[in-house]
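Visitor: Contents of entry_24.cif (mmCIF, C-alpha atoms):
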data_data
loop_
_atom_site.label_atom_id
_atom_site.label_comp_id
_atom_site.auth_asym_id
_atom_site.auth_seq_id
_atom_site.Cartn_x
_atom_site.Cartn_y
_atom_site.Cartn_z
CA MET H 577 -51.81 48.36 3.18
CA ALA H 578 -54.56 49.83 0.98
CA ASP H 579 -52.69 53.18 0.79
CA VAL H 580 -49.56 51.38 -0.35
CA ARG H 581 -51.55 49.57 -3.01
CA VAL H 582 -52.91 52.89 -4.35
CA TRP H 583 -49.45 54.44 -4.53
CA ILE H 584 -48.15 51.36 -6.31
CA ALA H 585 -51.13 51.56 -8.68
CA ILE H 586 -50.28 55.19 -9.49
CA PHE H 587 -46.68 54.24 -10.24
CA VAL H 588 -47.62 51.19 -12.34
CA GLY H 589 -50.39 53.05 -14.17
CA SER H 590 -48.18 56.06 -14.88
CA THR H 591 -45.55 53.73 -16.28
CA LEU H 592 -48.12 52.17 -18.60
CA ILE H 593 -49.37 55.58 -19.77
CA SER H 594 -45.82 56.79 -20.38
CA ARG H 595 -45.02 53.71 -22.42
CA ALA H 596 -48.17 54.22 -24.49
CA VAL H 597 -47.28 57.88 -25.15
CA CYS H 598 -43.70 56.95 -26.09
CA ALA H 599 -44.96 54.24 -28.42
CA TRP H 600 -47.34 56.75 -30.04
CA ILE H 601 -44.53 59.29 -30.56
CA ALA H 602 -42.21 56.57 -31.92
CA GLY H 603 -44.75 55.94 -34.69
CA GLY H 604 -43.96 59.37 -36.18
CA PRO H 605 -41.52 61.34 -34.01
CA VAL H 606 -41.27 64.61 -35.94
CA PRO H 607 -44.93 65.38 -36.72
CA ARG H 608 -46.22 64.06 -33.39
CA LEU H 609 -43.71 65.97 -31.28
CA LEU H 610 -44.49 69.09 -33.30
CA ALA H 611 -48.20 68.56 -32.67
CA LEU H 612 -47.58 68.24 -28.90
CA VAL H 613 -45.51 71.45 -28.84
CA LEU H 614 -48.15 73.38 -30.77
CA ALA H 615 -50.92 72.04 -28.53
CA ALA H 616 -48.99 73.00 -25.40
CA GLY H 617 -48.30 76.49 -26.75
CA PHE H 618 -51.92 76.96 -27.70
CA ALA H 619 -53.11 75.79 -24.27
CA LYS H 620 -50.63 78.07 -22.54
CA GLY H 621 -52.07 81.12 -24.30
CA LEU H 622 -55.61 80.38 -23.15
CA PRO H 623 -57.08 82.13 -20.07
CA VAL H 624 -58.08 78.75 -18.65
CA THR H 625 -54.64 77.19 -18.84
CA SER H 626 -54.52 76.43 -15.12
CA HIS H 627 -57.89 74.70 -15.30
CA LEU H 628 -56.73 72.62 -18.28
CA LEU H 629 -53.58 71.61 -16.39
CA ALA H 630 -55.60 70.61 -13.33
CA LEU H 631 -58.05 68.67 -15.50
CA GLY H 632 -55.19 66.92 -17.31
CA ALA H 633 -53.47 66.03 -14.05
CA ALA H 634 -56.70 64.65 -12.61
CA GLY H 635 -57.33 62.63 -15.76
CA TRP H 636 -53.77 61.28 -15.70
CA LEU H 637 -54.08 60.35 -12.01
CA GLY H 638 -57.45 58.66 -12.44
CA THR H 639 -56.31 56.71 -15.48
CA ALA H 640 -53.08 55.68 -13.76
CA ILE H 641 -54.91 54.38 -10.69
CA THR H 642 -57.39 52.45 -12.83
CA LEU H 643 -54.68 50.83 -14.93
CA GLY H 644 -52.50 50.14 -11.91
CA LEU H 645 -55.29 48.44 -9.96
CA ARG H 646 -56.08 46.24 -12.95
CA ALA H 647 -52.46 45.12 -13.18
CA PRO H 648 -51.25 42.21 -11.01
CA ASP H 649 -50.43 43.24 -7.45
CA PRO H 650 -46.61 43.04 -7.10
CA THR H 651 -46.95 43.02 -3.28
CA ALA H 652 -49.16 39.93 -3.22
CA ALA H 653 -47.47 36.92 -1.69
CA GLN H 654 -46.50 34.44 -4.31
CA ALA H 655 -47.80 30.93 -3.88
CA PRO H 656 -45.04 28.47 -3.00
CA PRO H 657 -44.00 26.33 -5.94
CA GLU H 658 -45.74 23.01 -6.15
CA PRO H 659 -43.56 20.06 -5.22
CA PRO H 660 -42.48 18.02 -8.22
CA GLN H 661 -44.87 15.26 -8.97
CA GLU H 662 -43.38 11.81 -9.04
CA LYS H 663 -43.82 10.12 -12.36
CA PRO H 664 -46.22 7.24 -11.97
CA ALA H 665 -44.84 3.83 -12.64
CA ASP H 666 -45.29 2.67 -16.22
CA GLY H 667 -47.75 -0.12 -15.59
CA PRO H 668 -47.41 -3.08 -13.22
CA SER H 669 -44.03 -4.23 -11.96
CA LEU H 670 -42.07 -6.76 -13.96
CA PRO H 671 -42.62 -10.41 -13.05
CA THR H 672 -39.68 -11.99 -11.26
CA PRO H 673 -37.70 -14.86 -12.82
CA GLU H 674 -39.35 -17.21 -10.33
CA GLN H 675 -42.82 -16.04 -11.37
CA LEU H 676 -41.91 -16.40 -15.03
CA ALA H 677 -40.67 -19.95 -14.52
CA GLU H 678 -43.82 -20.97 -12.69
CA ALA H 679 -46.09 -19.37 -15.30
CA LEU H 680 -44.20 -20.86 -18.25
CA HIS H 681 -44.38 -24.38 -16.84
CA LYS H 682 -48.00 -23.90 -15.81
CA VAL H 683 -49.32 -22.90 -19.25
CA ALA H 684 -46.91 -24.98 -21.37
CA ASP H 685 -48.67 -26.95 -24.15
CA PRO H 686 -45.91 -27.84 -24.95
CA HIS H 687 -44.54 -24.32 -25.45
CA ALA H 688 -45.91 -21.08 -23.99
CA HIS H 689 -47.40 -18.05 -25.77
CA LEU H 690 -46.75 -14.61 -24.29
CA ALA H 691 -50.49 -13.97 -24.03
CA ALA H 692 -51.00 -17.13 -21.98
CA VAL H 693 -48.11 -16.25 -19.66
CA ALA H 694 -49.48 -12.73 -19.24
CA THR H 695 -52.90 -14.12 -18.32
CA ALA H 696 -51.34 -16.47 -15.77
CA LEU H 697 -49.42 -13.58 -14.21
CA ASP H 698 -52.32 -11.12 -14.49
CA THR H 699 -50.20 -8.60 -16.40
CA SER H 700 -49.66 -7.41 -19.96
CA THR H 701 -47.75 -9.16 -22.74
CA ASP H 702 -45.41 -6.15 -22.96
CA ARG H 703 -44.40 -6.56 -19.30
CA VAL H 704 -43.93 -10.30 -19.82
CA ARG H 705 -41.69 -9.62 -22.82
CA GLU H 706 -39.65 -7.10 -20.80
CA ALA H 707 -39.29 -9.54 -17.92
CA LEU H 708 -38.23 -12.36 -20.25
CA THR H 709 -35.64 -10.12 -21.90
CA ALA H 710 -34.32 -9.01 -18.50
CA ALA H 711 -34.05 -12.65 -17.39
CA GLY H 712 -32.26 -13.66 -20.61
CA ILE H 713 -35.06 -16.01 -21.70
CA PRO H 714 -35.36 -16.01 -25.52
CA VAL H 715 -38.67 -14.97 -27.09
CA SER H 716 -39.42 -16.58 -30.45
CA GLY H 717 -41.97 -16.16 -33.19
CA GLY H 718 -43.93 -19.08 -34.59
CA VAL H 719 -44.21 -20.88 -31.25
CA ARG H 720 -46.87 -23.58 -31.21
CA MET H 721 -49.11 -23.94 -28.17
CA GLY H 722 -52.32 -25.92 -28.06
CA GLY H 723 -52.41 -26.19 -31.83
CA ARG H 724 -51.98 -22.45 -32.37
CA VAL H 725 -48.89 -20.54 -33.45
CA SER H 726 -47.89 -17.18 -31.95
CA THR H 727 -45.03 -15.37 -30.24
CA GLY H 728 -43.81 -17.08 -27.12
CA VAL H 729 -41.12 -19.14 -25.42
CA LYS H 730 -40.10 -22.59 -26.54
CA ALA H 731 -40.07 -25.33 -23.92
CA GLY H 732 -36.33 -25.80 -24.29
CA HIS H 733 -35.80 -22.25 -23.09
CA PHE H 734 -37.91 -22.58 -19.94
CA PRO H 735 -35.93 -21.93 -16.75
CA PRO H 736 -36.01 -24.87 -14.31
CA LEU H 737 -38.48 -25.30 -11.49
CA PRO H 738 -36.25 -26.22 -8.53
CA THR H 739 -37.89 -27.68 -5.43
CA PRO H 740 -37.04 -26.99 -1.78
CA ALA H 741 -34.06 -28.90 -0.41
CA PRO H 742 -32.19 -29.22 2.94
CA ASP H 743 -30.68 -25.94 4.10
CA GLY H 744 -27.19 -24.91 3.08
CA ASP H 745 -26.63 -26.89 -0.14
CA VAL H 746 -26.02 -25.13 -3.43
CA ALA H 747 -26.69 -26.67 -6.82
CA VAL H 748 -26.36 -25.49 -10.41
CA VAL H 749 -29.04 -26.41 -12.94
CA ASP H 750 -29.00 -25.81 -16.69
CA ALA H 751 -32.07 -24.42 -18.45
CA GLY H 752 -34.44 -27.27 -19.24
CA GLN H 753 -32.77 -29.58 -16.67
CA SER H 754 -34.97 -30.88 -13.89
CA ASN H 755 -34.07 -30.65 -10.23
CA ASN H 756 -35.45 -32.96 -7.58
CA ASN H 757 -34.51 -30.77 -4.64
CA ASN H 758 -36.84 -28.34 -2.95
CA GLU H 759 -36.68 -24.72 -4.15
CA GLU H 760 -34.98 -22.09 -2.03
CA GLU H 761 -33.76 -19.53 -4.55
CA TYR H 762 -32.31 -19.51 -8.04
CA VAL H 763 -30.53 -16.86 -10.06
CA GLN H 764 -29.43 -16.64 -13.66
CA ASP H 765 -25.81 -17.25 -14.56
CA GLU H 766 -24.31 -13.94 -15.74
CA LYS H 767 -21.98 -15.61 -18.24
CA ASN H 768 -24.50 -18.09 -19.63
CA PRO H 769 -28.12 -16.79 -19.77
CA ASN H 770 -29.42 -20.32 -20.31
CA ARG H 771 -27.78 -21.53 -17.10
CA TRP H 772 -29.41 -20.95 -13.74
CA ARG H 773 -27.85 -21.25 -10.30
CA VAL H 774 -30.21 -22.89 -7.84
CA LEU H 775 -29.35 -22.02 -4.24
CA ARG H 776 -30.41 -24.58 -1.67
CA ARG H 777 -29.73 -24.82 2.02
CA VAL H 778 -28.88 -27.95 4.02
#
Kindly return the structure encoded in the file as structure tokens.

Guide:
Amino acid sequence: MADVRVWIAIFVGSTLISRAVCAWIAGGPVPRLLALVLAAGFAKGLPVTSHLLALGAAGWLGTAITLGLRAPDPTAAQAPPEPPQEKPADGPSLPTPEQLAEALHKVADPHAHLAAVATALDTSTDRVREALTAAGIPVSGGVRMGGRVSTGVKAGHFPPLPTPAPDGDVAVVDAGQSNNNNEEEYVQDEKNPNRWRVLRRV
């Protein structure tokens, strides 16, 4: 394998030297080619021409090997590509409509600020806002809570807190309307965001 690497180094290094010579000639083709011809003719007329040729070949070979070994090894096994990294989730998951309803009713005084809801849910106000928007619950500015005014949800826009009921029954509750049955599950009405369908079993 080492012999193959040396031969490859000679090829790569010779290519680099040739490119350098061509680039040098391209900088002034006529005078530089003329200089090379005159130098070759002068060297040919010397009694030590064969020694000069041998010295030049040895210098070329040594330089080519040095340059080739410094270049990246084309025979080296390439490392397999790294698997794509999954993009981390942007913060905590959104609160569910049920969690929002519980938190809104829990902190209400009489309305609920986003910061208070976020604290109750142990999340950020941005995630609370996203969850409220996804659930169709309006977010308003100038909401009063505990004597302070800030961005939040007015009490009239709170989703209901249904209670568990006998299995199998299904009821429909409007936003802000109480429900005396036990909670099983409730979902938002697609046609009317302020209307929630409370699913109960009997």

Visitor: Ranking H:Gly722, H:Gly589, H:Pro673, H:Pro686 by minimum distance to Gly638 in chain H and counting only C-alpha atoms, which one comes first?

Guide: H:Gly589

Visitor: Which residue gives the smallest distance to Val715 in chain H among H:Arg581, H:Lys730, H:Arg703, H:Lys682, with only C-alpha atoms counted?

Guide: H:Lys730

Visitor: Counting all atoms listed in the file, which residues come within 12 Å of (-52.2, -20.0, -30.2), with the point read in the file's coordinates, and could you list them as number ranges by chain?

Guide: H: 683-693, 717-728

Visitor: Identify which of the residues H:Ala647, H:Gly603, H:Phe618, H:Ser590 lies closest to Ala633 in chain H, counting only C-alpha atoms when measuring atom-to-atom distances.

Guide: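 Going through H:Ala647, H:Gly603, H:Phe618, H:Ser590 one by one, the smallest distance to Ala633 in chain H is for H:Ser590.
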
Visitor: I'd like the contact shell of Pro714 in chain H - 12 Å cut-off, all atoms listed in the file, skipping same-chain residues fewer than 6 positions apart - returned as an MDAnalysis selection string.

Guide: chainID H and resid 688 690 704:708 727:735 751 769:770

Visitor: Could you work out how far CA of Ala615 in chain H lies from CA of Thr642 in chain H, giving the answer in Å with one decimal?

Guide: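 CA of Thr642 in chain H sits 25.9 Å away from CA of Ala615 in chain H.
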
Visitor: Counting all atoms listed in the file, select every polymer residue within 12 Å of (-54.7, 49.0, -17.8) as defined in the file's coordinates, and provide the selection as JSON, numbers by chain.

Guide: {"H": [585, 586, 588, 589, 590, 591, 592, 593, 595, 596, 638, 639, 640, 641, 642, 643, 644, 645, 646, 647, 648]}

Visitor: So how many Å separate CA of Val597 in chain H and CA of Pro623 in chain H, to one decimal?

Guide: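 Those two atoms sit 26.6 Å apart.
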
Visitor: Quick one: of H:Leu670, H:Leu631, H:Leu637, H:Ala710, who's nearest to Ala694 in chain H, counting all atoms listed in the file?

Guide: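 Among the listed residues, H:Leu670 lies closest to Ala694 in chain H.
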
Visitor: In Å, how far is it from CA of Pro736 in chain H to CA of Asp702 in chain H?

Guide: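 Separation of CA of Pro736 in chain H and CA of Asp702 in chain H: 22.7 Å.
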
Visitor: Reconstruct N, CA and C atoms of range 603-616 of chain H from the incomplete input and present them as a compact mmCIF listing (two decimals), keeping the file's coordinate frame.

Guide:
# COMPACT_ATOMS: atom_id res chain seq x y z
N GLY H 603 -44.12 56.23 -33.41
CA GLY H 603 -44.75 55.94 -34.69
C GLY H 603 -44.56 57.05 -35.71
N GLY H 604 -44.20 58.23 -35.29
CA GLY H 604 -43.96 59.37 -36.18
C GLY H 604 -43.37 60.50 -35.36
N PRO H 605 -42.12 60.41 -34.98
CA PRO H 605 -41.52 61.34 -34.01
C PRO H 605 -41.66 62.81 -34.38
N VAL H 606 -41.30 63.18 -35.59
CA VAL H 606 -41.27 64.61 -35.94
C VAL H 606 -42.66 65.23 -35.94
N PRO H 607 -43.62 64.72 -36.69
CA PRO H 607 -44.93 65.38 -36.72
C PRO H 607 -45.66 65.30 -35.38
N ARG H 608 -45.49 64.22 -34.65
CA ARG H 608 -46.22 64.06 -33.39
C ARG H 608 -45.62 64.92 -32.29
N LEU H 609 -44.32 65.04 -32.25
CA LEU H 609 -43.71 65.97 -31.28
C LEU H 609 -44.08 67.41 -31.61
N LEU H 610 -44.10 67.74 -32.89
CA LEU H 610 -44.49 69.09 -33.30
C LEU H 610 -45.93 69.37 -32.90
N ALA H 611 -46.80 68.38 -33.05
CA ALA H 611 -48.20 68.56 -32.67
C ALA H 611 -48.33 68.79 -31.16
N LEU H 612 -47.53 68.07 -30.36
CA LEU H 612 -47.58 68.24 -28.90
C LEU H 612 -47.11 69.64 -28.50
N VAL H 613 -46.03 70.11 -29.16
CA VAL H 613 -45.51 71.45 -28.84
C VAL H 613 -46.53 72.52 -29.18
N LEU H 614 -47.15 72.40 -30.36
CA LEU H 614 -48.15 73.38 -30.77
C LEU H 614 -49.36 73.37 -29.84
N ALA H 615 -49.78 72.14 -29.44
CA ALA H 615 -50.92 72.04 -28.53
C ALA H 615 -50.60 72.65 -27.19
N ALA H 616 -49.38 72.42 -26.68
CA ALA H 616 -48.99 73.00 -25.40
C ALA H 616 -48.91 74.52 -25.49
